[in-house]
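Novice: For reference, this is run.cif, and it has mmCIF, C-alpha atoms.
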```cif
data_work
loop_
_atom_site.group_PDB
_atom_site.id
_atom_site.type_symbol
_atom_site.label_atom_id
_atom_site.label_comp_id
_atom_site.auth_asym_id
_atom_site.auth_seq_id
_atom_site.Cartn_x
_atom_site.Cartn_y
_atom_site.Cartn_z
ATOM 1 C CA MET A 1 -21.702 48.910 49.438
ATOM 2 C CA PRO A 2 -22.442 46.571 46.504
ATOM 3 C CA ILE A 3 -20.484 43.343 46.389
ATOM 4 C CA ALA A 4 -18.328 43.083 43.291
ATOM 5 C CA LYS A 5 -19.355 40.270 41.011
ATOM 6 C CA LYS A 6 -16.875 37.465 40.888
ATOM 7 C CA LYS A 7 -15.446 37.215 37.413
ATOM 8 C CA ASN A 8 -15.900 33.896 35.687
ATOM 9 C CA ILE A 9 -12.349 33.093 34.712
ATOM 10 C CA ARG A 10 -11.914 29.910 32.671
ATOM 11 C CA LYS A 11 -8.858 27.910 33.421
ATOM 12 C CA SER A 12 -6.669 27.632 30.342
ATOM 13 C CA ARG A 13 -6.026 24.066 29.312
ATOM 14 C CA LYS A 14 -2.542 23.125 28.340
ATOM 15 C CA LYS A 15 -2.640 21.439 24.945
ATOM 16 C CA PRO A 16 -0.808 18.147 24.589
ATOM 17 C CA LEU A 17 2.457 18.429 22.687
ATOM 18 C CA LEU A 18 1.242 16.425 19.682
ATOM 19 C CA ASN A 19 -1.646 18.785 19.096
ATOM 20 C CA SER A 20 0.353 21.934 19.662
ATOM 21 C CA SER A 21 1.212 23.966 16.628
ATOM 22 C CA LYS A 22 4.351 25.042 18.461
ATOM 23 C CA SER A 23 5.831 21.550 18.729
ATOM 24 C CA VAL A 24 9.289 21.401 17.216
ATOM 25 C CA ILE A 25 10.001 18.642 14.737
ATOM 26 C CA VAL A 26 13.605 17.826 13.982
ATOM 27 C CA VAL A 27 14.445 15.430 11.173
ATOM 28 C CA HIS A 28 17.949 14.097 11.487
ATOM 29 C CA THR A 29 18.806 13.833 7.819
ATOM 30 C CA THR A 30 20.464 16.016 5.257
ATOM 31 C CA GLU A 31 19.003 17.012 1.906
ATOM 32 C CA ASN A 32 20.707 14.126 0.113
ATOM 33 C CA GLU A 33 19.810 11.416 2.609
ATOM 34 C CA THR A 34 16.578 9.514 2.258
ATOM 35 C CA LEU A 35 14.082 9.484 5.084
ATOM 36 C CA PHE A 36 13.249 5.886 4.227
ATOM 37 C CA PRO A 37 16.508 3.931 3.725
ATOM 38 C CA GLU A 38 14.916 0.491 4.232
ATOM 39 C CA LYS A 39 12.240 1.193 1.626
ATOM 40 C CA VAL A 40 14.825 2.436 -0.859
ATOM 41 C CA LYS A 41 16.936 -0.682 -0.292
ATOM 42 C CA ARG A 42 13.903 -2.901 -0.847
ATOM 43 C CA ALA A 43 12.890 -0.968 -3.978
ATOM 44 C CA LYS A 44 16.380 -1.479 -5.406
ATOM 45 C CA GLU A 45 16.218 -5.224 -4.709
ATOM 46 C CA ILE A 46 12.816 -5.502 -6.386
ATOM 47 C CA LEU A 47 13.751 -3.461 -9.441
ATOM 48 C CA SER A 48 17.012 -5.322 -9.963
ATOM 49 C CA ASN A 49 14.864 -8.482 -10.340
ATOM 50 C CA THR A 50 12.282 -6.866 -12.601
ATOM 51 C CA LYS A 51 11.777 -7.445 -16.316
ATOM 52 C CA PHE A 52 10.263 -4.409 -17.991
ATOM 53 C CA LEU A 53 7.768 -5.805 -20.481
ATOM 54 C CA ASP A 54 6.086 -2.476 -21.110
ATOM 55 C CA ARG A 55 8.985 -0.639 -22.751
ATOM 56 C CA MET B 1 -8.984 12.369 -6.972
ATOM 57 C CA THR B 2 -12.099 14.153 -5.898
ATOM 58 C CA TYR B 3 -10.980 14.554 -2.292
ATOM 59 C CA SER B 4 -9.462 17.968 -1.686
ATOM 60 C CA PRO B 5 -5.866 17.645 -0.524
ATOM 61 C CA TYR B 6 -4.228 19.106 2.560
ATOM 62 C CA SER B 7 -1.958 22.019 1.794
ATOM 63 C CA TYR B 8 1.637 20.877 1.653
ATOM 64 C CA LYS B 9 5.074 22.431 1.548
ATOM 65 C CA MET B 10 8.271 21.427 -0.174
ATOM 66 C CA THR B 11 10.953 21.203 2.496
ATOM 67 C CA GLY B 12 13.768 20.114 0.188
ATOM 68 C CA SER B 13 14.202 19.458 -3.501
ATOM 69 C CA HIS B 14 12.844 15.916 -3.040
ATOM 70 C CA ARG B 15 10.883 16.235 0.178
ATOM 71 C CA TYR B 16 7.443 17.463 1.212
ATOM 72 C CA THR B 17 5.504 17.697 4.467
ATOM 73 C CA PHE B 18 1.878 18.264 5.315
ATOM 74 C CA VAL B 19 -0.307 18.049 8.395
ATOM 75 C CA SER B 20 -3.129 15.536 8.697
ATOM 76 C CA THR B 21 -5.865 17.023 10.851
ATOM 77 C CA GLY B 22 -8.217 14.088 11.316
ATOM 78 C CA LYS B 23 -8.908 12.947 14.855
ATOM 79 C CA ILE B 24 -5.509 14.305 15.915
ATOM 80 C CA ARG B 25 -2.791 16.405 14.300
ATOM 81 C CA ILE B 26 -0.111 14.303 12.563
ATOM 82 C CA ILE B 27 2.787 15.602 10.511
ATOM 83 C CA LYS B 28 3.333 13.512 7.384
ATOM 84 C CA ALA B 29 6.494 13.374 5.298
ATOM 85 C CA VAL B 30 6.738 12.395 1.638
ATOM 86 C CA ASP B 31 10.203 11.751 0.275
ATOM 87 C CA PHE B 32 11.368 10.928 -3.260
ATOM 88 C CA SER B 33 14.720 9.153 -3.172
ATOM 89 C CA PRO B 34 16.983 7.854 -5.943
ATOM 90 C CA ILE B 35 17.097 4.065 -5.918
ATOM 91 C CA GLY B 36 20.274 3.614 -7.890
ATOM 92 C CA VAL B 37 18.375 2.548 -11.008
ATOM 93 C CA GLU B 38 18.547 5.263 -13.636
ATOM 94 C CA ASN B 39 15.779 7.853 -13.314
ATOM 95 C CA ILE B 40 13.689 5.783 -10.896
ATOM 96 C CA TYR B 41 12.940 7.256 -7.484
ATOM 97 C CA ASN B 42 11.219 5.628 -4.523
ATOM 98 C CA LEU B 43 8.186 7.316 -3.036
ATOM 99 C CA GLY B 44 8.466 7.059 0.751
ATOM 100 C CA PHE B 45 5.672 8.186 2.988
ATOM 101 C CA GLY B 46 5.191 8.115 6.750
ATOM 102 C CA ASP B 47 4.412 9.875 10.007
ATOM 103 C CA LEU B 48 6.931 12.277 11.449
ATOM 104 C CA LEU B 49 7.091 11.535 15.160
ATOM 105 C CA PRO B 50 7.727 14.189 17.815
ATOM 106 C CA ASP B 51 11.244 12.851 18.456
ATOM 107 C CA GLY B 52 12.161 13.492 14.828
ATOM 108 C CA SER B 53 12.044 9.869 13.723
ATOM 109 C CA LEU B 54 9.725 8.477 11.061
ATOM 110 C CA ASP B 55 7.243 5.670 11.231
ATOM 111 C CA VAL B 56 6.501 4.154 7.822
ATOM 112 C CA ASN B 57 4.452 1.258 9.145
ATOM 113 C CA VAL B 58 2.142 3.182 11.421
ATOM 114 C CA LYS B 59 -1.608 2.805 11.008
ATOM 115 C CA SER B 60 -2.667 6.280 12.034
ATOM 116 C CA ASN B 61 -6.418 5.591 11.868
ATOM 117 C CA ASN B 62 -6.836 9.345 11.779
ATOM 118 C CA GLY B 63 -10.101 9.118 9.850
ATOM 119 C CA ASP B 64 -8.777 10.933 6.767
ATOM 120 C CA ILE B 65 -7.041 8.235 4.690
ATOM 121 C CA LEU B 66 -8.546 9.354 1.360
ATOM 122 C CA LYS B 67 -7.686 13.010 1.988
ATOM 123 C CA VAL B 68 -4.136 11.962 2.942
ATOM 124 C CA LEU B 69 -3.760 9.818 -0.204
ATOM 125 C CA SER B 70 -5.214 12.624 -2.309
ATOM 126 C CA THR B 71 -2.505 14.885 -0.889
ATOM 127 C CA VAL B 72 0.192 12.324 -1.766
ATOM 128 C CA VAL B 73 -1.188 12.192 -5.334
ATOM 129 C CA HIS B 74 -1.024 15.996 -5.588
ATOM 130 C CA ILE B 75 2.523 15.988 -4.214
ATOM 131 C CA THR B 76 3.519 13.300 -6.726
ATOM 132 C CA ARG B 77 1.989 15.400 -9.491
ATOM 133 C CA ASP B 78 3.982 18.429 -8.316
ATOM 134 C CA PHE B 79 7.233 16.454 -8.112
ATOM 135 C CA THR B 80 6.846 14.786 -11.507
ATOM 136 C CA THR B 81 5.963 18.120 -13.094
ATOM 137 C CA ARG B 82 9.238 19.523 -11.749
ATOM 138 C CA PHE B 83 11.184 16.394 -12.758
ATOM 139 C CA PRO B 84 9.305 14.796 -15.679
ATOM 140 C CA ALA B 85 12.140 12.419 -16.553
ATOM 141 C CA ILE B 86 11.867 10.702 -13.183
ATOM 142 C CA GLU B 87 9.739 7.585 -12.790
ATOM 143 C CA ILE B 88 8.259 6.952 -9.354
ATOM 144 C CA PHE B 89 8.294 3.526 -7.697
ATOM 145 C CA PHE B 90 5.914 2.847 -4.832
ATOM 146 C CA ILE B 91 4.793 -0.111 -2.782
ATOM 147 C CA GLY B 92 2.605 -0.374 0.305
ATOM 148 C CA SER B 93 4.180 -1.010 3.694
ATOM 149 C CA THR B 94 1.875 -4.048 3.891
ATOM 150 C CA GLU B 95 0.109 -6.238 1.335
ATOM 151 C CA GLU B 96 -3.182 -4.726 2.480
ATOM 152 C CA ARG B 97 -1.852 -1.210 1.849
ATOM 153 C CA THR B 98 -0.600 -2.178 -1.639
ATOM 154 C CA LYS B 99 -4.078 -3.518 -2.429
ATOM 155 C CA LEU B 100 -5.560 -0.213 -1.296
ATOM 156 C CA TYR B 101 -3.223 1.644 -3.681
ATOM 157 C CA ALA B 102 -4.299 -0.707 -6.510
ATOM 158 C CA ARG B 103 -7.981 -0.036 -5.745
ATOM 159 C CA ILE B 104 -7.408 3.725 -5.851
ATOM 160 C CA LEU B 105 -5.423 3.489 -9.106
ATOM 161 C CA LYS B 106 -8.271 1.452 -10.620
ATOM 162 C CA MET B 107 -10.954 3.785 -9.284
ATOM 163 C CA TYR B 108 -9.293 6.913 -10.680
ATOM 164 C CA TYR B 109 -7.603 5.248 -13.676
ATOM 165 C CA ARG B 110 -9.434 7.332 -16.296
ATOM 166 C CA GLU B 111 -8.205 10.482 -14.595
ATOM 167 C CA PHE B 112 -4.662 9.295 -13.837
ATOM 168 C CA ARG B 113 -3.940 7.886 -17.284
ATOM 169 C CA LYS B 114 -4.358 11.339 -18.842
ATOM 170 C CA GLU B 115 -1.326 12.473 -16.871
ATOM 171 C CA PHE B 116 0.703 9.384 -16.035
ATOM 172 C CA LYS B 117 2.006 6.253 -17.624
ATOM 173 C CA ILE B 118 1.286 3.597 -14.991
ATOM 174 C CA SER B 119 2.970 0.207 -14.730
ATOM 175 C CA GLY B 120 2.250 -2.581 -12.289
ATOM 176 C CA LEU B 121 4.777 -5.099 -11.023
ATOM 177 C CA ILE B 122 3.637 -8.717 -10.964
ATOM 178 C CA GLN B 123 5.531 -11.215 -8.846
ATOM 179 C CA LYS B 124 6.609 -14.520 -10.439
ATOM 180 C CA SER B 125 8.402 -16.580 -7.782
ATOM 181 C CA ASN B 126 11.575 -14.590 -7.076
ATOM 182 C CA SER B 127 11.349 -12.157 -9.964
ATOM 183 C CA TYR B 128 8.965 -9.458 -11.122
ATOM 184 C CA SER B 129 7.539 -8.233 -14.405
ATOM 185 C CA ALA B 130 6.542 -4.629 -15.027
ATOM 186 C CA VAL B 131 3.485 -4.516 -17.268
ATOM 187 C CA PRO B 132 1.152 -1.692 -18.309
ATOM 188 C CA PHE B 133 -1.405 -1.154 -15.549
ATOM 189 C CA GLU B 134 -4.994 -1.817 -16.604
ATOM 190 C CA ALA B 135 -8.047 -0.966 -14.556
ATOM 191 C CA ASN B 136 -9.922 -4.114 -15.601
ATOM 192 C CA ASP B 137 -7.304 -6.785 -15.132
ATOM 193 C CA ALA B 138 -7.290 -9.195 -12.250
ATOM 194 C CA PHE B 139 -3.588 -9.109 -11.381
ATOM 195 C CA ASP B 140 -2.463 -8.816 -7.808
ATOM 196 C CA TYR B 141 0.049 -6.057 -8.339
ATOM 197 C CA PHE B 142 3.081 -6.163 -6.090
ATOM 198 C CA ALA B 143 4.216 -2.570 -6.635
ATOM 199 C CA PHE B 144 3.765 0.299 -9.086
ATOM 200 C CA LEU B 145 5.705 2.671 -11.301
ATOM 201 C CA ILE B 146 4.328 5.952 -12.576
ATOM 202 C CA LYS B 147 5.802 8.501 -14.923
ATOM 203 C CA LYS B 148 4.474 11.847 -16.040
ATOM 204 C CA ILE B 149 3.419 11.872 -19.681
ATOM 205 C CA GLU B 150 5.530 14.599 -21.264
#
```
Would you put the structure from the file into structure tokens?
Specialist:
Amino acid sequence: MPIAKKKNIRKSRKKPLLNSSKSVIVVHTTENETLFPEKVKRAKEILSNTKFLDR
Amino acid sequence: MTYSPYSYKMTGSHRYTFVSTGKIRIIKAVDFSPIGVENIYNLGFGDLLPDGSLDVNVKSNNGDILKVLSTVVHITRDFTTRFPAIEIFFIGSTEERTKLYARILKMYYREFRKEFKISGLIQKSNSYSAVPFEANDAFDYFAFLIKKIE
């Protein structure tokens, strides 16, 4: 009786979460909130001390 | 810019995301937020971390900086086409990053100026002056303002 050939089964590698297309990203802001409050605050400080010479 | 951008999606009226696929996969967020100065919005840009927080100071070193910046330019073009009255303020998270933005604005100035009015902010002690951006000047610009030419 012939011996059945052992199938070459590759082990599936589990992808790291960061590389997975199925990773779930939750951003805890609403539509009207900025994602970058510190940058917005800084921008306001800079622009309130800015002279507009080009207009 | 000659670099082809990543495809992006608008995830809110003032917000976009795209995926940087350099060495690793990184989700990037671009957000345009009102500053409280009439018709001027801040351009915020950073990495969306798996816990849902954002890192604006991260140096991703993902090997695709020019493709990422090209995508941000395309997103800015899309946003300012939708809202042409809005002027966009942007500044690097570090001095080095601001200098990189200045180099790119200078490099692609002939292309950008067809579409945008560009101003540079120059620091004078504790105040700033917004002047027309020129590709040949030697100013160390502190920040930038761009507005779609209507």
Novice: Residues of chain B were defined as contacting chain A if any atom lay at most 6 Å from it, counting only C-alpha atoms; please report them as a CSV table (one decimal) with C-alpha atoms, in the frame of the given file.
Specialist:
```csv
chain,number,residue,atom,x,y,z
B,25,ARG,CA,-2.8,16.4,14.3
B,33,SER,CA,14.7,9.2,-3.2
B,35,ILE,CA,17.1,4.1,-5.9
B,50,PRO,CA,7.7,14.2,17.8
B,52,GLY,CA,12.2,13.5,14.8
B,127,SER,CA,11.3,-12.2,-10.0
B,128,TYR,CA,9.0,-9.5,-11.1
B,129,SER,CA,7.5,-8.2,-14.4
B,130,ALA,CA,6.5,-4.6,-15.0
B,131,VAL,CA,3.5,-4.5,-17.3
B,132,PRO,CA,1.2,-1.7,-18.3
```
Novice: Which residues, named as in the file, does the PyMOL selection byres ((chain B and resi 108-125) around 9) pick out? Answer as a ChimeraX atom specification.
Specialist: /A:50,52,54 /B:1,77,102-107,126-135,139-150
Novice: Please enumerate the residues selected by the PyMOL selection byres ((chain B and resi 78) around 12) when evaluated against the supplied file, formatted as JSON, numbers by chain.
Specialist: {"B": [8, 9, 10, 13, 14, 15, 16, 30, 32, 71, 72, 73, 74, 75, 76, 77, 79, 80, 81, 82, 83, 84, 115, 148]}
Novice: Could you tell me which of B:Ser7, B:Leu43, B:Asn57, B:Asp51 comes closest to Glu96 in chain B if we count all atoms listed in the file?
Specialist: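 Closest residue, counting all atoms listed in the file: B:Asn57.
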Novice: Could you expand the PyMOL selection byres ((chain B and resi 62) around 10) into the explicit residues it covers here, written as a PDB file with C-alpha atoms, keeping the file's coordinate frame?
Specialist:
```pdb
ATOM      1  CA  SER B  20      -3.129  15.536   8.697  1.00  0.00           C
ATOM      2  CA  THR B  21      -5.865  17.023  10.851  1.00  0.00           C
ATOM      3  CA  GLY B  22      -8.217  14.088  11.316  1.00  0.00           C
ATOM      4  CA  LYS B  23      -8.908  12.947  14.855  1.00  0.00           C
ATOM      5  CA  ILE B  24      -5.509  14.305  15.915  1.00  0.00           C
ATOM      6  CA  ARG B  25      -2.791  16.405  14.300  1.00  0.00           C
ATOM      7  CA  ILE B  26      -0.111  14.303  12.563  1.00  0.00           C
ATOM      8  CA  LYS B  59      -1.608   2.805  11.008  1.00  0.00           C
ATOM      9  CA  SER B  60      -2.667   6.280  12.034  1.00  0.00           C
ATOM     10  CA  ASN B  61      -6.418   5.591  11.868  1.00  0.00           C
ATOM     11  CA  GLY B  63     -10.101   9.118   9.850  1.00  0.00           C
ATOM     12  CA  ASP B  64      -8.777  10.933   6.767  1.00  0.00           C
ATOM     13  CA  ILE B  65      -7.041   8.235   4.690  1.00  0.00           C
ATOM     14  CA  VAL B  68      -4.136  11.962   2.942  1.00  0.00           C
TER      15      VAL B  68
END
```
Novice: In Å to one decimal, how far is CA of Ile40 in chain B from CA of Asn136 in chain B?
Specialist: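 A separation of 26.0 Å between them.
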Novice: Could you check how far CA of Asp47 in chain B sits from CA of Ile27 in chain B, in Å to one decimal?
Specialist: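 CA of Ile27 in chain B lies at a distance of 6.0 Å from CA of Asp47 in chain B.
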Novice: Can you work out the spacing between CA of Leu49 in chain B and CA of Thr98 in chain B in Å, to one decimal?
Specialist: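 So the answer is 23.0 Å.
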Novice: Can you complete the atoms of range 100-133 of chain B to N, CA and C atoms and list them as an mmCIF file, in the frame of the given file?
Specialist:
```cif
data_model
loop_
_atom_site.group_PDB
_atom_site.id
_atom_site.type_symbol
_atom_site.label_atom_id
_atom_site.label_comp_id
_atom_site.auth_asym_id
_atom_site.auth_seq_id
_atom_site.Cartn_x
_atom_site.Cartn_y
_atom_site.Cartn_z
ATOM 1 N N LEU B 100 -4.824 -1.479 -1.359
ATOM 2 C CA LEU B 100 -5.560 -0.213 -1.296
ATOM 3 C C LEU B 100 -5.082 0.729 -2.411
ATOM 4 N N TYR B 101 -3.753 0.798 -2.612
ATOM 5 C CA TYR B 101 -3.223 1.644 -3.681
ATOM 6 C C TYR B 101 -3.747 1.170 -5.042
ATOM 7 N N ALA B 102 -3.796 -0.163 -5.241
ATOM 8 C CA ALA B 102 -4.299 -0.707 -6.510
ATOM 9 C C ALA B 102 -5.763 -0.317 -6.716
ATOM 10 N N ARG B 103 -6.553 -0.396 -5.635
ATOM 11 C CA ARG B 103 -7.981 -0.036 -5.745
ATOM 12 C C ARG B 103 -8.139 1.436 -6.142
ATOM 13 N N ILE B 104 -7.309 2.290 -5.547
ATOM 14 C CA ILE B 104 -7.408 3.725 -5.851
ATOM 15 C C ILE B 104 -6.959 4.000 -7.294
ATOM 16 N N LEU B 105 -5.878 3.315 -7.716
ATOM 17 C CA LEU B 105 -5.423 3.489 -9.106
ATOM 18 C C LEU B 105 -6.509 3.032 -10.077
ATOM 19 N N LYS B 106 -7.201 1.944 -9.751
ATOM 20 C CA LYS B 106 -8.271 1.452 -10.620
ATOM 21 C C LYS B 106 -9.465 2.415 -10.628
ATOM 22 N N MET B 107 -9.792 2.905 -9.430
ATOM 23 C CA MET B 107 -10.954 3.785 -9.284
ATOM 24 C C MET B 107 -10.770 5.097 -10.065
ATOM 25 N N TYR B 108 -9.543 5.615 -10.035
ATOM 26 C CA TYR B 108 -9.293 6.913 -10.680
ATOM 27 C C TYR B 108 -8.452 6.765 -11.958
ATOM 28 N N TYR B 109 -8.464 5.548 -12.532
ATOM 29 C CA TYR B 109 -7.603 5.248 -13.676
ATOM 30 C C TYR B 109 -7.842 6.209 -14.851
ATOM 31 N N ARG B 110 -9.115 6.462 -15.145
ATOM 32 C CA ARG B 110 -9.434 7.332 -16.296
ATOM 33 C C ARG B 110 -8.833 8.714 -16.128
ATOM 34 N N GLU B 111 -8.782 9.165 -14.888
ATOM 35 C CA GLU B 111 -8.205 10.482 -14.595
ATOM 36 C C GLU B 111 -6.669 10.426 -14.620
ATOM 37 N N PHE B 112 -6.117 9.405 -13.955
ATOM 38 C CA PHE B 112 -4.662 9.295 -13.837
ATOM 39 C C PHE B 112 -3.989 9.071 -15.186
ATOM 40 N N ARG B 113 -4.618 8.263 -16.040
ATOM 41 C CA ARG B 113 -3.940 7.886 -17.284
ATOM 42 C C ARG B 113 -3.776 9.062 -18.251
ATOM 43 N N LYS B 114 -4.531 10.137 -18.014
ATOM 44 C CA LYS B 114 -4.358 11.339 -18.842
ATOM 45 C C LYS B 114 -3.016 11.996 -18.541
ATOM 46 N N GLU B 115 -2.550 11.806 -17.328
ATOM 47 C CA GLU B 115 -1.326 12.473 -16.871
ATOM 48 C C GLU B 115 -0.122 11.564 -16.727
ATOM 49 N N PHE B 116 -0.392 10.291 -16.387
ATOM 50 C CA PHE B 116 0.703 9.384 -16.035
ATOM 51 C C PHE B 116 0.678 8.101 -16.841
ATOM 52 N N LYS B 117 1.871 7.618 -17.115
ATOM 53 C CA LYS B 117 2.006 6.253 -17.624
ATOM 54 C C LYS B 117 2.158 5.378 -16.379
ATOM 55 N N ILE B 118 1.281 4.406 -16.220
ATOM 56 C CA ILE B 118 1.286 3.597 -14.991
ATOM 57 C C ILE B 118 1.656 2.157 -15.325
ATOM 58 N N SER B 119 2.600 1.621 -14.592
ATOM 59 C CA SER B 119 2.970 0.207 -14.730
ATOM 60 C C SER B 119 2.740 -0.490 -13.403
ATOM 61 N N GLY B 120 2.401 -1.769 -13.499
ATOM 62 C CA GLY B 120 2.250 -2.581 -12.289
ATOM 63 C C GLY B 120 3.288 -3.683 -12.292
ATOM 64 N N LEU B 121 3.819 -4.002 -11.129
ATOM 65 C CA LEU B 121 4.777 -5.099 -11.023
ATOM 66 C C LEU B 121 4.038 -6.352 -10.566
ATOM 67 N N ILE B 122 4.263 -7.435 -11.312
ATOM 68 C CA ILE B 122 3.637 -8.717 -10.964
ATOM 69 C C ILE B 122 4.739 -9.656 -10.502
ATOM 70 N N GLN B 123 4.505 -10.319 -9.385
ATOM 71 C CA GLN B 123 5.531 -11.215 -8.846
ATOM 72 C C GLN B 123 5.398 -12.600 -9.471
ATOM 73 N N LYS B 124 6.570 -13.140 -9.931
ATOM 74 C CA LYS B 124 6.609 -14.520 -10.439
ATOM 75 C C LYS B 124 7.756 -15.203 -9.724
ATOM 76 N N SER B 125 7.442 -15.980 -8.732
ATOM 77 C CA SER B 125 8.402 -16.580 -7.782
ATOM 78 C C SER B 125 9.356 -15.514 -7.261
ATOM 79 N N ASN B 126 10.642 -15.567 -7.658
ATOM 80 C CA ASN B 126 11.575 -14.590 -7.076
ATOM 81 C C ASN B 126 11.852 -13.395 -7.975
ATOM 82 N N SER B 127 11.118 -13.293 -9.082
ATOM 83 C CA SER B 127 11.349 -12.157 -9.964
ATOM 84 C C SER B 127 10.023 -11.420 -10.213
ATOM 85 N N TYR B 128 10.140 -10.315 -10.907
ATOM 86 C CA TYR B 128 8.965 -9.458 -11.122
ATOM 87 C C TYR B 128 8.910 -9.047 -12.590
ATOM 88 N N SER B 129 7.717 -8.779 -13.058
ATOM 89 C CA SER B 129 7.539 -8.233 -14.405
ATOM 90 C C SER B 129 6.762 -6.933 -14.293
ATOM 91 N N ALA B 130 7.258 -5.907 -14.980
ATOM 92 C CA ALA B 130 6.542 -4.629 -15.027
ATOM 93 C C ALA B 130 5.704 -4.615 -16.293
ATOM 94 N N VAL B 131 4.401 -4.494 -16.124
ATOM 95 C CA VAL B 131 3.485 -4.516 -17.268
ATOM 96 C C VAL B 131 2.605 -3.257 -17.213
ATOM 97 N N PRO B 132 2.052 -2.856 -18.352
ATOM 98 C CA PRO B 132 1.152 -1.692 -18.309
ATOM 99 C C PRO B 132 -0.024 -1.963 -17.361
ATOM 100 N N PHE B 133 -0.300 -1.003 -16.507
ATOM 101 C CA PHE B 133 -1.405 -1.154 -15.549
ATOM 102 C C PHE B 133 -2.734 -0.994 -16.285
#
```
